[in-house]
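See below for query.pdb, which holds PDB, C-alpha atoms.
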ATOM      1  CA  MET F   1     -82.512 142.554 -57.709
ATOM      2  CA  ASP F   2     -82.691 146.245 -57.004
ATOM      3  CA  ARG F   3     -81.838 145.488 -53.454
ATOM      4  CA  PHE F   4     -79.000 143.344 -54.507
ATOM      5  CA  ALA F   5     -77.752 146.062 -56.880
ATOM      6  CA  ALA F   6     -78.093 148.610 -54.058
ATOM      7  CA  LYS F   7     -76.045 146.377 -51.754
ATOM      8  CA  ILE F   8     -73.404 145.963 -54.442
ATOM      9  CA  GLU F   9     -73.375 149.699 -54.999
ATOM     10  CA  ALA F  10     -73.073 150.303 -51.235
ATOM     11  CA  ALA F  11     -70.258 147.719 -51.028
ATOM     12  CA  ARG F  12     -68.498 149.385 -53.963
ATOM     13  CA  ALA F  13     -68.838 152.771 -52.335
ATOM     14  CA  GLN F  14     -67.524 151.355 -49.073
ATOM     15  CA  LEU F  15     -64.680 149.611 -50.957
ATOM     16  CA  SER F  16     -63.897 152.823 -52.771
ATOM     17  CA  SER F  17     -63.863 154.674 -49.455
ATOM     18  CA  VAL F  18     -61.572 152.054 -47.893
ATOM     19  CA  GLU F  19     -59.296 152.128 -50.949
ATOM     20  CA  SER F  20     -59.144 155.915 -50.770
ATOM     21  CA  HIS F  21     -58.420 155.755 -47.049
ATOM     22  CA  LEU F  22     -55.768 153.051 -47.695
ATOM     23  CA  ARG F  23     -54.132 155.194 -50.421
ATOM     24  CA  GLY F  24     -54.075 158.134 -48.000
ATOM     25  CA  MET F  25     -52.475 155.989 -45.308
ATOM     26  CA  LYS F  26     -50.004 154.584 -47.875
ATOM     27  CA  GLU F  27     -49.018 158.098 -48.959
ATOM     28  CA  LYS F  28     -48.696 159.141 -45.325
ATOM     29  CA  SER F  29     -46.591 156.072 -44.615
ATOM     30  CA  LEU F  30     -44.361 156.779 -47.630
ATOM     31  CA  ALA F  31     -43.972 160.408 -46.536
ATOM     32  CA  GLN F  32     -43.069 159.285 -42.992
ATOM     33  CA  THR F  33     -40.637 156.667 -44.349
ATOM     34  CA  LYS F  34     -39.015 159.300 -46.568
ATOM     35  CA  LYS F  35     -38.811 161.728 -43.627
ATOM     36  CA  LYS F  36     -37.372 158.961 -41.436
ATOM     37  CA  GLU F  37     -34.715 158.146 -44.070
ATOM     38  CA  GLU F  38     -33.821 161.832 -44.414
ATOM     39  CA  LEU F  39     -33.497 162.143 -40.626
ATOM     40  CA  GLU F  40     -31.362 158.998 -40.458
ATOM     41  CA  ALA F  41     -29.127 160.308 -43.233
ATOM     42  CA  ARG F  42     -28.779 163.669 -41.510
ATOM     43  CA  LEU F  43     -28.103 161.939 -38.196
ATOM     44  CA  ALA F  44     -25.465 159.714 -39.834
ATOM     45  CA  SER F  45     -23.857 162.808 -41.375
ATOM     46  CA  GLU F  46     -23.844 164.632 -38.036
ATOM     47  CA  LEU F  47     -22.452 161.530 -36.321
ATOM     48  CA  ALA F  48     -19.666 161.268 -38.909
ATOM     49  CA  LYS F  49     -18.839 164.957 -38.426
ATOM     50  CA  ALA F  50     -18.782 164.537 -34.639
ATOM     51  CA  LYS F  51     -16.529 161.470 -34.917
ATOM     52  CA  SER F  52     -14.228 163.359 -37.270
ATOM     53  CA  LYS F  53     -14.011 166.292 -34.876
ATOM     54  CA  ALA F  54     -13.372 163.940 -31.971
ATOM     55  CA  GLU F  55     -10.587 162.152 -33.874
ATOM     56  CA  LYS F  56      -9.035 165.471 -34.858
ATOM     57  CA  ALA F  57      -9.196 166.717 -31.258
ATOM     58  CA  ARG F  58      -7.682 163.448 -30.018
ATOM     59  CA  ALA F  59      -4.860 163.676 -32.580
ATOM     60  CA  GLU F  60      -4.149 167.289 -31.591
ATOM     61  CA  ALA F  61      -4.177 166.361 -27.901
ATOM     62  CA  GLU F  62      -1.778 163.482 -28.540
ATOM     63  CA  ALA F  63       0.532 165.807 -30.468
ATOM     64  CA  ILE F  64       0.486 168.337 -27.617
ATOM     65  CA  VAL F  65       1.156 165.596 -25.078
ATOM     66  CA  ALA F  66       4.051 164.315 -27.194
ATOM     67  CA  VAL F  67       5.563 167.812 -27.338
ATOM     68  CA  TYR F  68       5.204 168.260 -23.580
ATOM     69  CA  GLN F  69       6.734 164.829 -22.964
ATOM     70  CA  ALA F  70       9.670 165.650 -25.216
ATOM     71  CA  ASP F  71      10.119 168.992 -23.443
ATOM     72  CA  ALA F  72       9.970 167.280 -20.053
ATOM     73  CA  GLU F  73      12.542 164.690 -21.118
ATOM     74  CA  ALA F  74      14.819 167.422 -22.476
ATOM     75  CA  ALA F  75      14.471 169.342 -19.217
ATOM     76  CA  GLN F  76      15.419 166.213 -17.261
ATOM     77  CA  VAL F  77      18.484 165.693 -19.441
ATOM     78  CA  GLN F  78      19.488 169.334 -18.970
ATOM     79  CA  ALA F  79      18.987 169.049 -15.212
ATOM     80  CA  ARG F  80      21.169 165.922 -15.080
ATOM     81  CA  GLU F  81      23.854 167.619 -17.169
ATOM     82  CA  ALA F  82      23.742 170.723 -14.958
ATOM     83  CA  ALA F  83      24.049 168.573 -11.832
ATOM     84  CA  GLU F  84      27.003 166.701 -13.315
ATOM     85  CA  THR F  85      28.646 169.982 -14.345
ATOM     86  CA  ALA F  86      28.134 171.394 -10.854
ATOM     87  CA  LYS F  87      29.601 168.238  -9.306
ATOM     88  CA  THR F  88      32.638 168.403 -11.598
ATOM     89  CA  ARG F  89      33.093 172.112 -10.909
ATOM     90  CA  ALA F  90      32.919 171.504  -7.138
ATOM     91  CA  HIS F  91      35.582 168.802  -7.482
ATOM     92  CA  TRP F  92      37.974 171.147  -9.299
ATOM     93  CA  ILE F  93      37.299 174.001  -6.876
ATOM     94  CA  ALA F  94      38.281 171.644  -4.053
ATOM     95  CA  GLU F  95      41.392 170.662  -6.002
ATOM     96  CA  LEU F  96      42.269 174.339  -6.471
ATOM     97  CA  ALA F  97      41.898 174.924  -2.737
ATOM     98  CA  LYS F  98      44.219 171.959  -2.041
ATOM     99  CA  CYS F  99      46.811 173.296  -4.482
ATOM    100  CA  GLN F 100      46.653 176.792  -2.995
ATOM    101  CA  SER F 101      46.995 175.400   0.516
ATOM    102  CA  ARG F 102      49.973 173.219  -0.480
ATOM    103  CA  ARG F 103      51.694 176.167  -2.198
ATOM    104  CA  GLU F 104      51.106 178.427   0.804
ATOM    105  CA  THR F 105      52.496 175.758   3.137
ATOM    106  CA  LEU F 106      55.557 175.311   0.943
ATOM    107  CA  GLU F 107      56.075 179.086   0.824
ATOM    108  CA  GLU F 108      55.875 179.251   4.629
ATOM    109  CA  ILE F 109      58.436 176.453   4.930
ATOM    110  CA  HIS F 110      60.635 178.211   2.349
ATOM    111  CA  ALA F 111      60.323 181.439   4.322
ATOM    112  CA  ARG F 112      61.814 179.599   7.325
ATOM    113  CA  GLY F 113      64.974 178.929   5.394
ATOM    114  CA  PHE F 114      64.422 175.651   3.590
ATOM    115  CA  ASP F 115      65.119 175.552  -0.148
ATOM    116  CA  LEU F 116      61.811 174.403  -1.660
ATOM    117  CA  THR F 117      61.967 176.496  -4.826
ATOM    118  CA  ASP F 118      61.349 173.527  -7.161
ATOM    119  CA  GLU F 119      58.418 172.292  -5.080
ATOM    120  CA  ILE F 120      56.935 175.819  -4.950
ATOM    121  CA  VAL F 121      57.244 176.152  -8.737
ATOM    122  CA  LYS F 122      55.539 172.778  -9.185
ATOM    123  CA  ALA F 123      52.829 173.721  -6.672
ATOM    124  CA  LYS F 124      52.205 176.987  -8.544
ATOM    125  CA  GLU F 125      51.949 175.057 -11.826
ATOM    126  CA  ASN F 126      49.513 172.585 -10.247
ATOM    127  CA  GLU F 127      47.527 175.502  -8.845
ATOM    128  CA  SER F 128      47.506 177.173 -12.247
ATOM    129  CA  ASP F 129      46.349 173.937 -13.888
ATOM    130  CA  ALA F 130      43.580 173.543 -11.290
ATOM    131  CA  ARG F 131      42.511 177.172 -11.760
ATOM    132  CA  ALA F 132      42.375 176.604 -15.530
ATOM    133  CA  LEU F 133      40.252 173.505 -15.008
ATOM    134  CA  VAL F 134      37.859 175.420 -12.775
ATOM    135  CA  SER F 135      37.424 178.153 -15.356
ATOM    136  CA  ASP F 136      37.451 175.777 -18.364
ATOM    137  CA  ASP F 137      34.839 173.622 -16.678
ATOM    138  CA  ASP F 138      32.093 176.021 -17.762
ATOM    139  CA  ASP F 139      33.346 176.098 -21.358
ATOM    140  CA  ASP F 140      33.667 172.394 -22.098
ATOM    141  CA  ASP F 141      31.358 170.886 -19.447
ATOM    142  CA  GLY F 142      34.075 169.062 -17.525
ATOM    143  CA  SER F 143      35.510 167.134 -20.447
ATOM    144  CA  LYS F 144      38.989 167.227 -18.863
ATOM    145  CA  SER F 145      39.755 164.687 -16.188
ATOM    146  CA  GLY F 146      42.351 164.690 -13.448
ATOM    147  CA  SER F 147      44.362 161.951 -15.130
ATOM    148  CA  GLU F 148      45.013 164.268 -18.091
ATOM    149  CA  ASN F 149      46.922 166.562 -15.753
ATOM    150  CA  GLY F 150      49.054 163.895 -14.058
ATOM    151  CA  GLU F 151      46.514 163.173 -11.307
ATOM    152  CA  ASP F 152      44.444 160.097 -10.478
ATOM    153  CA  LEU F 153      40.666 160.367 -10.357
ATOM    154  CA  ASP F 154      40.730 160.791  -6.571
ATOM    155  CA  GLY F 155      42.821 163.949  -6.981
ATOM    156  CA  GLU F 156      46.222 162.718  -5.773
ATOM    157  CA  GLU F 157      49.347 163.122  -7.869
ATOM    158  CA  ALA F 158      50.241 160.043  -9.947
ATOM    159  CA  ALA F 159      53.783 161.074 -10.773
ATOM    160  CA  PRO F 160      55.640 164.403 -10.589
ATOM    161  CA  LYS F 161      55.781 166.261 -13.875
ATOM    162  CA  GLU F 162      59.148 166.763 -15.472
ATOM    163  CA  TYR F 163      59.665 170.318 -16.760
TER     164      TYR F 163
END
Mind turning this structure into structure tokens?
Amino acid sequence: MDRFAAKIEAARAQLSSVESHLRGMKEKSLAQTKKKEELEARLASELAKAKSKAEKARAEAEAIVAVYQADAEAAQVQAREAAETAKTRAHWIAELAKCQSRRETLEEIHARGFDLTDEIVKAKENESDARALVSDDDDDDGSKSGSENGEDLDGEEAAPKEY
């Protein structure tokens, strides 16, 4: 019976040792689980911050791109308008040269003795109108057309003006 009591006592001591070891492992496991949860929470927080920063950077980049696109489109519109203005101005400069040439020709014919006073007056008026269109072209971006001055779009006279 003493032996049996000694065995029981040894088994209890061993059980107590195992229980103590198990409690230690349980505490260690709980501490590791807690540490793991803290790390996961911190990682989730850092991930959320990184995503937020990335979204903010993307939004800023999109805004910058939108501004540059708008600027580029505005520059294209301005370039087209400038080209159209230059084309219109070139047309009226050519018309002015035609009017000057016609007036000079009429004056030469008049100098030879032909009475072309009315035609010369009309040529000077046409030249003056063309000169005004050339200079006004910069002010109102070519809003006047040849038909407003008694001319077709191709630059030829539609009907003589009555003064």
In Å, rounded to a single decimal, give me how far atom CA of Ile64 of chain F is from atom CA of Gln76 of chain F. 18.3 Å
Run the PyMOL selection byres ((chain F and resi 91-107) around 8) against the file shown and list the residues it catches, as a PyMOL selection string. chain F and resi 87-90+108-111+116+119-120+123-124+126-127+130-131+133-134+155
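Computed from the coordinates, the atom CA of Ala72 of chain F to atom CA of Ala54 of chain F distance equals 26.4 Å.
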Box along x, y and z, 5 Å on every side, all listed atoms of segment 39-58 of chain F inside: centre and edge lengths in Å to one decimal, as JSON.
{"center_x": -20.6, "center_y": 162.9, "center_z": -36.6, "size_x": 35.8, "size_y": 17.7, "size_z": 23.2}
Grab the atom CA of Ala50 of chain F to atom CA of Tyr68 of chain F distance for me, in Å with one decimal place.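 Between atom CA of Ala50 of chain F and atom CA of Tyr68 of chain F the gap is 26.7 Å.
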Produce segment 6-20 of chain F of the given structure as output with all heavy atoms, as a short mmCIF file (atom, residue, chain, number, x, y, z; two decimals), in the first residue's frame.
data_model
loop_
_atom_site.label_atom_id
_atom_site.label_comp_id
_atom_site.auth_asym_id
_atom_site.auth_seq_id
_atom_site.Cartn_x
_atom_site.Cartn_y
_atom_site.Cartn_z
N ALA F 6 2.94 5.67 -2.94
CA ALA F 6 4.10 6.36 -3.51
C ALA F 6 3.90 6.55 -5.01
O ALA F 6 4.25 7.60 -5.57
CB ALA F 6 5.36 5.57 -3.22
N LYS F 7 3.33 5.53 -5.67
CA LYS F 7 3.08 5.64 -7.11
C LYS F 7 2.04 6.74 -7.38
O LYS F 7 2.15 7.51 -8.32
CB LYS F 7 2.60 4.32 -7.69
CG LYS F 7 3.70 3.34 -7.93
CD LYS F 7 3.11 2.10 -8.60
CE LYS F 7 4.17 1.07 -8.86
NZ LYS F 7 3.66 -0.11 -9.51
N ILE F 8 1.02 6.76 -6.53
CA ILE F 8 -0.03 7.78 -6.69
C ILE F 8 0.59 9.15 -6.48
O ILE F 8 0.31 10.10 -7.22
CB ILE F 8 -1.19 7.52 -5.72
CG1 ILE F 8 -1.97 6.29 -6.16
CG2 ILE F 8 -2.10 8.72 -5.64
CD1 ILE F 8 -3.11 5.92 -5.24
N GLU F 9 1.42 9.25 -5.45
CA GLU F 9 2.06 10.53 -5.17
C GLU F 9 2.96 10.93 -6.32
O GLU F 9 2.98 12.10 -6.74
CB GLU F 9 2.86 10.41 -3.86
CG GLU F 9 3.30 11.71 -3.28
CD GLU F 9 2.17 12.66 -2.95
OE1 GLU F 9 1.08 12.27 -2.53
OE2 GLU F 9 2.36 13.88 -3.18
N ALA F 10 3.70 9.99 -6.91
CA ALA F 10 4.58 10.27 -8.04
C ALA F 10 3.73 10.70 -9.25
O ALA F 10 4.07 11.63 -10.00
CB ALA F 10 5.43 9.06 -8.37
N ALA F 11 2.59 10.00 -9.46
CA ALA F 11 1.71 10.33 -10.58
C ALA F 11 1.11 11.72 -10.38
O ALA F 11 1.00 12.51 -11.33
CB ALA F 11 0.61 9.28 -10.72
N ARG F 12 0.76 12.05 -9.12
CA ARG F 12 0.22 13.37 -8.85
C ARG F 12 1.29 14.44 -9.08
O ARG F 12 0.99 15.51 -9.62
CB ARG F 12 -0.29 13.45 -7.40
CG ARG F 12 -1.61 12.79 -7.25
CD ARG F 12 -2.14 13.03 -5.85
NE ARG F 12 -3.42 12.34 -5.71
CZ ARG F 12 -3.96 12.02 -4.60
NH1 ARG F 12 -3.36 12.32 -3.46
NH2 ARG F 12 -5.12 11.42 -4.55
N ALA F 13 2.48 14.15 -8.68
CA ALA F 13 3.57 15.12 -8.89
C ALA F 13 3.81 15.31 -10.39
O ALA F 13 4.02 16.43 -10.87
CB ALA F 13 4.84 14.65 -8.18
N GLN F 14 3.79 14.17 -11.10
CA GLN F 14 3.99 14.25 -12.55
C GLN F 14 2.83 15.00 -13.19
O GLN F 14 3.02 15.83 -14.08
CB GLN F 14 4.11 12.83 -13.11
CG GLN F 14 4.62 12.81 -14.52
CD GLN F 14 4.80 11.37 -15.02
OE1 GLN F 14 4.27 10.42 -14.44
NE2 GLN F 14 5.52 11.23 -16.09
N LEU F 15 1.60 14.73 -12.74
CA LEU F 15 0.41 15.41 -13.26
C LEU F 15 0.49 16.90 -12.95
O LEU F 15 0.18 17.73 -13.80
CB LEU F 15 -0.86 14.80 -12.64
CG LEU F 15 -2.19 15.41 -13.07
CD1 LEU F 15 -2.40 15.27 -14.57
CD2 LEU F 15 -3.33 14.79 -12.29
N SER F 16 0.90 17.22 -11.76
CA SER F 16 1.05 18.60 -11.37
C SER F 16 2.09 19.29 -12.24
O SER F 16 1.92 20.43 -12.68
CB SER F 16 1.44 18.68 -9.89
OG SER F 16 1.69 20.01 -9.52
N SER F 17 3.18 18.59 -12.51
CA SER F 17 4.23 19.13 -13.37
C SER F 17 3.71 19.35 -14.78
O SER F 17 3.96 20.39 -15.41
CB SER F 17 5.43 18.19 -13.37
OG SER F 17 6.37 18.61 -14.32
N VAL F 18 2.96 18.38 -15.30
CA VAL F 18 2.40 18.49 -16.65
C VAL F 18 1.39 19.63 -16.68
O VAL F 18 1.35 20.42 -17.65
CB VAL F 18 1.80 17.15 -17.10
CG1 VAL F 18 0.96 17.30 -18.36
CG2 VAL F 18 2.89 16.12 -17.31
N GLU F 19 0.55 19.73 -15.65
CA GLU F 19 -0.44 20.80 -15.60
C GLU F 19 0.26 22.16 -15.54
O GLU F 19 -0.15 23.12 -16.22
CB GLU F 19 -1.35 20.65 -14.37
CG GLU F 19 -2.40 19.59 -14.52
CD GLU F 19 -3.24 19.43 -13.25
OE1 GLU F 19 -2.82 19.93 -12.18
OE2 GLU F 19 -4.30 18.83 -13.35
N SER F 20 1.31 22.27 -14.78
CA SER F 20 2.07 23.51 -14.69
C SER F 20 2.69 23.84 -16.05
O SER F 20 2.64 24.99 -16.51
CB SER F 20 3.16 23.36 -13.61
OG SER F 20 4.00 24.48 -13.62
#
